[in-house]
Amino acid sequence: MKAIKEKHSLLMRWTHWVNFPILTIMIWSGMLIYWSNDVYSITLFGHTYFKFFPQGFYNTFHFSKRLSEGMAFHFLFMWFFALNGIIYVLYTIISGSWRELLPQRKSFKEAWLVLLHDLHIRKMAPPQNKYNAAQRIAYTAIIVMGFGSLITGLAIYKPVQFATIAWLCGGYHLARILHFALTIGYVFFFLIHIVQVILAGWNNFRSVISGFEIVNEQAKPVTTSTLAEDGK
């Protein structure tokens, strides 16, 4: 028997869907800024073996010569990114939903079993509540990454005014490396998240929009006591 079950609250869904376009704009504007000083590459003995973004990449996506535009968008939407993250974290703490989100002692072991199940190597998936072990780790990690982006971003944005934060990040250059690495992490998270949504199916995707999901429940066996209770 099918039943409708509440899964995600309105605030959780709101912060989830708001965060996606904000983070997309942050990555896009960040690329416009990075173009002006794209120093990161793999170089050994004076020979560059790998460059993250060649000039052809900038030309294809029209990232070249738009530094001021990138800075304007990046420094504006970083406040929306921060505010949205703060609202989400406060909600998880106040509502108590952090208990369903934080990894447990067994989560790292079970996350491996979840991966094997997703790859169709293991038939049975480990038991889960609202989130499985892999989701607990991933969703907690993305919160930590968001906090890291804010801290390193402030160190890059105002290295003199936020000298203490810059020092905690290991200086301006290390803060920029960490900020860049976190951005690459967001891209990989997006790709894996989209694949997982497709694999999970429409019912799971619908629950993030409506807040409800359709579940299969076993019908309650009809007994004399059941009939007596229904007759009350």
# chains A, B, ... in the order shown; residues from 1 in each chain; ligands from 1

$ residues_around --residues "Gly85 in chain A" --least-positions-apart "3" --cutoff "8 Å" --atoms "only C-alpha atoms" --output "PyMOL selection string"
chain A and resi 15+81-82+88-89+143+146

$ residues_around --residues "range 104-120 of chain A" --least-positions-apart "5" --cutoff "10 Å" --atoms "only C-alpha atoms" --output "PDB file with all heavy atoms, in the first residue's frame"
ATOM      1  N   ARG A  99      21.112  15.766  13.857  1.00  0.00           N
ATOM      2  CA  ARG A  99      21.293  14.370  14.261  1.00  0.00           C
ATOM      3  C   ARG A  99      21.176  13.422  13.074  1.00  0.00           C
ATOM      4  O   ARG A  99      21.786  12.351  13.060  1.00  0.00           O
ATOM      5  CB  ARG A  99      20.260  14.001  15.327  1.00  0.00           C
ATOM      6  CG  ARG A  99      20.370  14.798  16.624  1.00  0.00           C
ATOM      7  CD  ARG A  99      19.363  14.329  17.648  1.00  0.00           C
ATOM      8  NE  ARG A  99      19.424  15.106  18.878  1.00  0.00           N
ATOM      9  CZ  ARG A  99      18.747  16.215  19.101  1.00  0.00           C
ATOM     10  NH1 ARG A  99      17.932  16.685  18.155  1.00  0.00           N
ATOM     11  NH2 ARG A  99      18.848  16.870  20.247  1.00  0.00           N
ATOM     12  N   ALA A 125      21.713  -2.826   0.134  1.00  0.00           N
ATOM     13  CA  ALA A 125      22.195  -1.537   0.628  1.00  0.00           C
ATOM     14  C   ALA A 125      22.121  -1.528   2.148  1.00  0.00           C
ATOM     15  O   ALA A 125      21.228  -2.142   2.737  1.00  0.00           O
ATOM     16  CB  ALA A 125      21.344  -0.404   0.063  1.00  0.00           C
ATOM     17  N   PRO A 126      23.071  -0.865   2.813  1.00  0.00           N
ATOM     18  CA  PRO A 126      23.008  -0.799   4.272  1.00  0.00           C
ATOM     19  C   PRO A 126      21.748  -0.065   4.732  1.00  0.00           C
ATOM     20  O   PRO A 126      21.242   0.791   4.008  1.00  0.00           O
ATOM     21  CB  PRO A 126      24.269  -0.012   4.663  1.00  0.00           C
ATOM     22  CG  PRO A 126      24.929   0.382   3.420  1.00  0.00           C
ATOM     23  CD  PRO A 126      24.195  -0.141   2.259  1.00  0.00           C
ATOM     24  N   PRO A 127      21.233  -0.380   5.898  1.00  0.00           N
ATOM     25  CA  PRO A 127      20.027   0.305   6.392  1.00  0.00           C
ATOM     26  C   PRO A 127      20.290   1.786   6.594  1.00  0.00           C
ATOM     27  O   PRO A 127      21.393   2.197   6.948  1.00  0.00           O
ATOM     28  CB  PRO A 127      19.743  -0.402   7.726  1.00  0.00           C
ATOM     29  CG  PRO A 127      21.056  -0.995   8.131  1.00  0.00           C
ATOM     30  CD  PRO A 127      21.747  -1.359   6.864  1.00  0.00           C
ATOM     31  N   GLN A 128      19.269   2.597   6.370  1.00  0.00           N
ATOM     32  CA  GLN A 128      19.411   4.037   6.521  1.00  0.00           C
ATOM     33  C   GLN A 128      18.119   4.634   7.039  1.00  0.00           C
ATOM     34  O   GLN A 128      17.055   4.020   6.984  1.00  0.00           O
ATOM     35  CB  GLN A 128      19.760   4.681   5.175  1.00  0.00           C
ATOM     36  CG  GLN A 128      18.603   4.648   4.163  1.00  0.00           C
ATOM     37  CD  GLN A 128      18.934   5.390   2.892  1.00  0.00           C
ATOM     38  OE1 GLN A 128      19.751   4.931   2.113  1.00  0.00           O
ATOM     39  NE2 GLN A 128      18.303   6.539   2.687  1.00  0.00           N
ATOM     40  N   ASN A 132      21.593   8.157   3.957  1.00  0.00           N
ATOM     41  CA  ASN A 132      22.494   7.034   4.148  1.00  0.00           C
ATOM     42  C   ASN A 132      23.868   7.557   4.586  1.00  0.00           C
ATOM     43  O   ASN A 132      24.093   8.768   4.669  1.00  0.00           O
ATOM     44  CB  ASN A 132      22.583   6.173   2.886  1.00  0.00           C
ATOM     45  CG  ASN A 132      23.120   6.933   1.676  1.00  0.00           C
ATOM     46  OD1 ASN A 132      24.060   7.718   1.788  1.00  0.00           O
ATOM     47  ND2 ASN A 132      22.507   6.703   0.516  1.00  0.00           N
ATOM     48  N   ALA A 133      24.791   6.631   4.840  1.00  0.00           N
ATOM     49  CA  ALA A 133      26.097   7.019   5.389  1.00  0.00           C
ATOM     50  C   ALA A 133      26.876   7.912   4.440  1.00  0.00           C
ATOM     51  O   ALA A 133      27.512   8.885   4.861  1.00  0.00           O
ATOM     52  CB  ALA A 133      26.896   5.757   5.708  1.00  0.00           C
ATOM     53  N   ALA A 134      26.819   7.609   3.146  1.00  0.00           N
ATOM     54  CA  ALA A 134      27.551   8.419   2.166  1.00  0.00           C
ATOM     55  C   ALA A 134      26.985   9.829   2.090  1.00  0.00           C
ATOM     56  O   ALA A 134      27.729  10.814   1.972  1.00  0.00           O
ATOM     57  CB  ALA A 134      27.490   7.756   0.794  1.00  0.00           C
ATOM     58  N   GLN A 135      25.668   9.956   2.177  1.00  0.00           N
ATOM     59  CA  GLN A 135      25.039  11.274   2.157  1.00  0.00           C
ATOM     60  C   GLN A 135      25.393  12.072   3.396  1.00  0.00           C
ATOM     61  O   GLN A 135      25.629  13.283   3.323  1.00  0.00           O
ATOM     62  CB  GLN A 135      23.521  11.123   2.043  1.00  0.00           C
ATOM     63  CG  GLN A 135      23.045  10.634   0.688  1.00  0.00           C
ATOM     64  CD  GLN A 135      21.564  10.334   0.669  1.00  0.00           C
ATOM     65  OE1 GLN A 135      21.005   9.797   1.630  1.00  0.00           O
ATOM     66  NE2 GLN A 135      20.905  10.675  -0.421  1.00  0.00           N
ATOM     67  N   ARG A 136      25.428  11.418   4.544  1.00  0.00           N
ATOM     68  CA  ARG A 136      25.819  12.114   5.782  1.00  0.00           C
ATOM     69  C   ARG A 136      27.215  12.724   5.639  1.00  0.00           C
ATOM     70  O   ARG A 136      27.449  13.884   6.005  1.00  0.00           O
ATOM     71  CB  ARG A 136      25.812  11.135   6.960  1.00  0.00           C
ATOM     72  CG  ARG A 136      24.421  10.784   7.496  1.00  0.00           C
ATOM     73  CD  ARG A 136      24.538   9.704   8.553  1.00  0.00           C
ATOM     74  NE  ARG A 136      23.264   9.392   9.178  1.00  0.00           N
ATOM     75  CZ  ARG A 136      22.839   9.913  10.330  1.00  0.00           C
ATOM     76  NH1 ARG A 136      23.613  10.756  10.987  1.00  0.00           N
ATOM     77  NH2 ARG A 136      21.662   9.584  10.840  1.00  0.00           N
ATOM     78  N   ILE A 137      28.143  11.947   5.112  1.00  0.00           N
ATOM     79  CA  ILE A 137      29.515  12.428   4.959  1.00  0.00           C
ATOM     80  C   ILE A 137      29.575  13.555   3.936  1.00  0.00           C
ATOM     81  O   ILE A 137      30.206  14.600   4.160  1.00  0.00           O
ATOM     82  CB  ILE A 137      30.440  11.268   4.547  1.00  0.00           C
ATOM     83  CG1 ILE A 137      30.517  10.232   5.674  1.00  0.00           C
ATOM     84  CG2 ILE A 137      31.835  11.788   4.204  1.00  0.00           C
ATOM     85  CD1 ILE A 137      31.256   8.967   5.292  1.00  0.00           C
ATOM     86  N   ALA A 138      28.902  13.364   2.796  1.00  0.00           N
ATOM     87  CA  ALA A 138      28.960  14.355   1.716  1.00  0.00           C
ATOM     88  C   ALA A 138      28.302  15.667   2.119  1.00  0.00           C
ATOM     89  O   ALA A 138      28.860  16.752   1.892  1.00  0.00           O
ATOM     90  CB  ALA A 138      28.289  13.791   0.469  1.00  0.00           C
ATOM     91  N   GLN A 196      23.824  10.963  -8.662  1.00  0.00           N
ATOM     92  CA  GLN A 196      23.119  10.272  -7.587  1.00  0.00           C
ATOM     93  C   GLN A 196      21.617  10.557  -7.634  1.00  0.00           C
ATOM     94  O   GLN A 196      20.795   9.671  -7.372  1.00  0.00           O
ATOM     95  CB  GLN A 196      23.677  10.712  -6.231  1.00  0.00           C
ATOM     96  CG  GLN A 196      25.076  10.199  -5.936  1.00  0.00           C
ATOM     97  CD  GLN A 196      25.106   8.701  -5.710  1.00  0.00           C
ATOM     98  OE1 GLN A 196      24.100   8.098  -5.378  1.00  0.00           O
ATOM     99  NE2 GLN A 196      26.262   8.100  -5.907  1.00  0.00           N
ATOM    100  N   LEU A 199      20.169   8.407 -10.349  1.00  0.00           N
ATOM    101  CA  LEU A 199      20.107   7.005  -9.935  1.00  0.00           C
ATOM    102  C   LEU A 199      19.012   6.781  -8.892  1.00  0.00           C
ATOM    103  O   LEU A 199      18.369   5.726  -8.869  1.00  0.00           O
ATOM    104  CB  LEU A 199      21.460   6.562  -9.363  1.00  0.00           C
ATOM    105  CG  LEU A 199      22.634   6.490 -10.356  1.00  0.00           C
ATOM    106  CD1 LEU A 199      23.927   6.146  -9.621  1.00  0.00           C
ATOM    107  CD2 LEU A 199      22.356   5.449 -11.439  1.00  0.00           C
ATOM    108  N   ALA A 200      18.789   7.772  -8.027  1.00  0.00           N
ATOM    109  CA  ALA A 200      17.780   7.631  -6.970  1.00  0.00           C
ATOM    110  C   ALA A 200      16.361   7.619  -7.526  1.00  0.00           C
ATOM    111  O   ALA A 200      15.459   7.056  -6.908  1.00  0.00           O
ATOM    112  CB  ALA A 200      17.941   8.751  -5.944  1.00  0.00           C
TER     113      ALA A 200
END

$ closest_residue --among "A:Ile214, A:Val197, A:Ile151, A:Ala163" --to "Leu178 in chain A" --atoms "only C-alpha atoms"
A:Ile151

$ atom_distance --atom1 "CA of Leu90 in chain A" --atom2 "CA of Thr152 in chain A"
21.4 Å

$ select_by_dssp --residues "range 13-226 of chain A" --states "strand (DSSP E)" --output "list of chain:residue names"
A:Ser41, A:Ile42, A:Thr43, A:Leu44, A:His47, A:Thr48, A:Tyr49, A:Phe50, A:Lys51, A:Phe212, A:Glu213, A:Ile214, A:Val215, A:Asn216

$ write_last_selection --atoms "N, CA and C atoms" --output "compact mmCIF listing (two decimals), in the first residue's frame"
# COMPACT_ATOMS: atom_id res chain seq x y z
N SER A 41 49.23 25.43 -12.21
CA SER A 41 49.57 24.41 -13.22
C SER A 41 50.49 23.39 -12.57
N ILE A 42 50.74 22.30 -13.27
CA ILE A 42 51.69 21.30 -12.81
C ILE A 42 52.97 21.47 -13.63
N THR A 43 54.00 21.99 -12.98
CA THR A 43 55.25 22.32 -13.65
C THR A 43 56.42 21.65 -12.95
N LEU A 44 57.24 20.97 -13.70
CA LEU A 44 58.43 20.31 -13.16
C LEU A 44 59.63 20.67 -14.01
N HIS A 47 59.16 22.85 -17.04
CA HIS A 47 58.25 22.42 -18.11
C HIS A 47 56.84 22.23 -17.54
N THR A 48 55.85 22.87 -18.16
CA THR A 48 54.46 22.77 -17.72
C THR A 48 53.80 21.56 -18.35
N TYR A 49 53.43 20.61 -17.50
CA TYR A 49 52.78 19.39 -17.99
C TYR A 49 51.25 19.52 -18.04
N PHE A 50 50.71 20.35 -17.18
CA PHE A 50 49.25 20.50 -17.14
C PHE A 50 48.90 21.89 -16.68
N LYS A 51 48.03 22.55 -17.44
CA LYS A 51 47.52 23.87 -17.07
C LYS A 51 46.02 23.75 -16.94
N PHE A 212 7.53 15.93 0.11
CA PHE A 212 6.92 14.65 0.41
C PHE A 212 7.40 13.58 -0.57
N GLU A 213 7.37 12.35 -0.13
CA GLU A 213 7.69 11.23 -0.99
C GLU A 213 6.64 10.14 -0.84
N ILE A 214 6.53 9.30 -1.85
CA ILE A 214 5.59 8.18 -1.83
C ILE A 214 6.35 6.93 -1.41
N VAL A 215 5.89 6.29 -0.36
CA VAL A 215 6.54 5.09 0.16
C VAL A 215 5.56 3.93 0.14
N ASN A 216 6.11 2.74 0.08
CA ASN A 216 5.30 1.53 0.13
C ASN A 216 5.24 1.03 1.56

$ closest_residue --among "A:Thr183, A:Asn129, A:Thr24, A:Gln55" --to "Gly148 in chain A" --atoms "only C-alpha atoms"
A:Thr183

$ residues_around --residues "Leu150 in chain A" --least-positions-apart "4" --cutoff "12 Å" --atoms "only C-alpha atoms" --output "CSV table (one decimal) with C-alpha atoms, in the first residue's frame"
chain,number,residue,atom,x,y,z
A,26,MET,CA,30.0,32.4,-7.6
A,74,HIS,CA,31.5,37.7,-6.8
A,75,PHE,CA,31.7,40.3,-4.0
A,77,PHE,CA,26.7,37.2,-4.2
A,78,MET,CA,29.2,36.1,-1.6
A,79,TRP,CA,26.9,37.8,1.0
A,80,PHE,CA,23.9,35.8,-0.3
A,81,PHE,CA,26.0,32.7,-0.2
A,82,ALA,CA,27.0,33.4,3.4
A,83,LEU,CA,23.5,34.3,4.5
A,85,GLY,CA,24.6,29.0,4.6
A,86,ILE,CA,24.1,30.6,8.0
A,143,ILE,CA,29.0,22.6,4.9
A,144,VAL,CA,32.6,22.5,6.0
A,145,MET,CA,33.7,23.4,2.5
A,146,GLY,CA,31.3,26.4,2.5
A,154,LEU,CA,37.7,37.0,3.2
A,155,ALA,CA,41.5,36.4,3.4
A,156,ILE,CA,41.8,37.0,-0.3
A,157,TYR,CA,39.2,39.8,-0.5
A,165,ILE,CA,42.1,35.5,9.1
A,166,ALA,CA,44.8,35.6,6.3
A,169,CYS,CA,44.8,30.5,6.4
A,175,ALA,CA,44.4,31.0,1.1
A,176,ARG,CA,44.0,31.5,-2.7
A,178,LEU,CA,42.7,26.6,-0.8
A,179,HIS,CA,39.9,28.8,-2.2
A,182,LEU,CA,37.4,24.2,-2.7
A,183,THR,CA,35.9,25.5,-6.0

$ residues_around --residues "Phe57 in chain A" --least-positions-apart "6" --cutoff "12 Å" --atoms "only C-alpha atoms" --output "PyMOL selection string"
chain A and resi 31-32+35+38+51+63-64

$ write_last_selection --atoms "C-alpha atoms" --output "PDB file, in the first residue's frame"
ATOM      1  CA  MET A  31      36.466  32.199 -13.252  1.00  0.00           C
ATOM      2  CA  LEU A  32      36.281  35.762 -14.572  1.00  0.00           C
ATOM      3  CA  TRP A  35      41.507  34.629 -15.718  1.00  0.00           C
ATOM      4  CA  ASP A  38      45.767  31.918 -13.784  1.00  0.00           C
ATOM      5  CA  LYS A  51      47.525  23.874 -17.069  1.00  0.00           C
ATOM      6  CA  PHE A  63      35.858  34.585 -19.641  1.00  0.00           C
ATOM      7  CA  SER A  64      38.609  36.839 -20.996  1.00  0.00           C
TER       8      SER A  64
END

$ closest_residue --among "A:Lys158, A:Arg122, A:Lys130, A:His193" --to "Leu101 in chain A" --atoms "only C-alpha atoms"
A:Lys130

$ select_by_dssp --residues "range 17-225 of chain A" --states "alpha helix (DSSP H)" --output "ChimeraX atom specification"
/A:17-34,55-60,67-95,98-101,107-118,133-157,163-168,172-200,202-210,224-225

$ residues_around --residues "Lys7 in chain A" --least-positions-apart "3" --cutoff "12 Å" --atoms "only C-alpha atoms" --output "number ranges by chain"
A: 4, 10, 12-13, 97, 100, 129-131, 203-215

$ decode --residues "range 125-138 of chain A" --atoms "all heavy atoms" --output "tab-separated table (two decimals), in the first residue's frame"
chain	number	residue	atom	x	y	z
A	125	ALA	N	21.71	-2.83	0.13
A	125	ALA	CA	22.20	-1.54	0.63
A	125	ALA	C	22.12	-1.53	2.15
A	125	ALA	O	21.23	-2.14	2.74
A	125	ALA	CB	21.34	-0.40	0.06
A	126	PRO	N	23.07	-0.86	2.81
A	126	PRO	CA	23.01	-0.80	4.27
A	126	PRO	C	21.75	-0.06	4.73
A	126	PRO	O	21.24	0.79	4.01
A	126	PRO	CB	24.27	-0.01	4.66
A	126	PRO	CG	24.93	0.38	3.42
A	126	PRO	CD	24.20	-0.14	2.26
A	127	PRO	N	21.23	-0.38	5.90
A	127	PRO	CA	20.03	0.30	6.39
A	127	PRO	C	20.29	1.79	6.59
A	127	PRO	O	21.39	2.20	6.95
A	127	PRO	CB	19.74	-0.40	7.73
A	127	PRO	CG	21.06	-1.00	8.13
A	127	PRO	CD	21.75	-1.36	6.86
A	128	GLN	N	19.27	2.60	6.37
A	128	GLN	CA	19.41	4.04	6.52
A	128	GLN	C	18.12	4.63	7.04
A	128	GLN	O	17.06	4.02	6.98
A	128	GLN	CB	19.76	4.68	5.18
A	128	GLN	CG	18.60	4.65	4.16
A	128	GLN	CD	18.93	5.39	2.89
A	128	GLN	OE1	19.75	4.93	2.11
A	128	GLN	NE2	18.30	6.54	2.69
A	129	ASN	N	18.24	5.86	7.55
A	129	ASN	CA	17.06	6.62	7.95
A	129	ASN	C	16.77	7.64	6.86
A	129	ASN	O	16.49	7.28	5.73
A	129	ASN	CB	17.30	7.28	9.31
A	129	ASN	CG	17.44	6.26	10.43
A	129	ASN	OD1	16.69	5.28	10.45
A	129	ASN	ND2	18.38	6.46	11.33
A	130	LYS	N	16.85	8.91	7.17
A	130	LYS	CA	16.59	9.93	6.15
A	130	LYS	C	17.73	9.98	5.15
A	130	LYS	O	17.51	10.12	3.94
A	130	LYS	CB	16.41	11.29	6.82
A	130	LYS	CG	16.03	12.40	5.87
A	130	LYS	CD	15.75	13.69	6.62
A	130	LYS	CE	15.32	14.79	5.67
A	130	LYS	NZ	15.00	16.05	6.38
A	131	TYR	N	18.96	9.89	5.64
A	131	TYR	CA	20.14	9.91	4.77
A	131	TYR	C	20.97	8.66	5.02
A	131	TYR	O	21.06	8.19	6.15
A	131	TYR	CB	21.01	11.15	5.06
A	131	TYR	CG	20.30	12.46	4.87
A	131	TYR	CD1	20.03	13.29	5.96
A	131	TYR	CD2	19.91	12.89	3.61
A	131	TYR	CE1	19.38	14.51	5.80
A	131	TYR	CE2	19.26	14.11	3.44
A	131	TYR	CZ	19.00	14.91	4.53
A	131	TYR	OH	18.36	16.10	4.37
A	132	ASN	N	21.59	8.16	3.96
A	132	ASN	CA	22.49	7.03	4.15
A	132	ASN	C	23.87	7.56	4.59
A	132	ASN	O	24.09	8.77	4.67
A	132	ASN	CB	22.58	6.17	2.89
A	132	ASN	CG	23.12	6.93	1.68
A	132	ASN	OD1	24.06	7.72	1.79
A	132	ASN	ND2	22.51	6.70	0.52
A	133	ALA	N	24.79	6.63	4.84
A	133	ALA	CA	26.10	7.02	5.39
A	133	ALA	C	26.88	7.91	4.44
A	133	ALA	O	27.51	8.89	4.86
A	133	ALA	CB	26.90	5.76	5.71
A	134	ALA	N	26.82	7.61	3.15
A	134	ALA	CA	27.55	8.42	2.17
A	134	ALA	C	26.99	9.83	2.09
A	134	ALA	O	27.73	10.81	1.97
A	134	ALA	CB	27.49	7.76	0.79
A	135	GLN	N	25.67	9.96	2.18
A	135	GLN	CA	25.04	11.27	2.16
A	135	GLN	C	25.39	12.07	3.40
A	135	GLN	O	25.63	13.28	3.32
A	135	GLN	CB	23.52	11.12	2.04
A	135	GLN	CG	23.04	10.63	0.69
A	135	GLN	CD	21.56	10.33	0.67
A	135	GLN	OE1	21.00	9.80	1.63
A	135	GLN	NE2	20.91	10.67	-0.42
A	136	ARG	N	25.43	11.42	4.54
A	136	ARG	CA	25.82	12.11	5.78
A	136	ARG	C	27.22	12.72	5.64
A	136	ARG	O	27.45	13.88	6.01
A	136	ARG	CB	25.81	11.13	6.96
A	136	ARG	CG	24.42	10.78	7.50
A	136	ARG	CD	24.54	9.70	8.55
A	136	ARG	NE	23.26	9.39	9.18
A	136	ARG	CZ	22.84	9.91	10.33
A	136	ARG	NH1	23.61	10.76	10.99
A	136	ARG	NH2	21.66	9.58	10.84
A	137	ILE	N	28.14	11.95	5.11
A	137	ILE	CA	29.51	12.43	4.96
A	137	ILE	C	29.57	13.55	3.94
A	137	ILE	O	30.21	14.60	4.16
A	137	ILE	CB	30.44	11.27	4.55
A	137	ILE	CG1	30.52	10.23	5.67
A	137	ILE	CG2	31.84	11.79	4.20
A	137	ILE	CD1	31.26	8.97	5.29
A	138	ALA	N	28.90	13.36	2.80
A	138	ALA	CA	28.96	14.36	1.72
A	138	ALA	C	28.30	15.67	2.12
A	138	ALA	O	28.86	16.75	1.89
A	138	ALA	CB	28.29	13.79	0.47
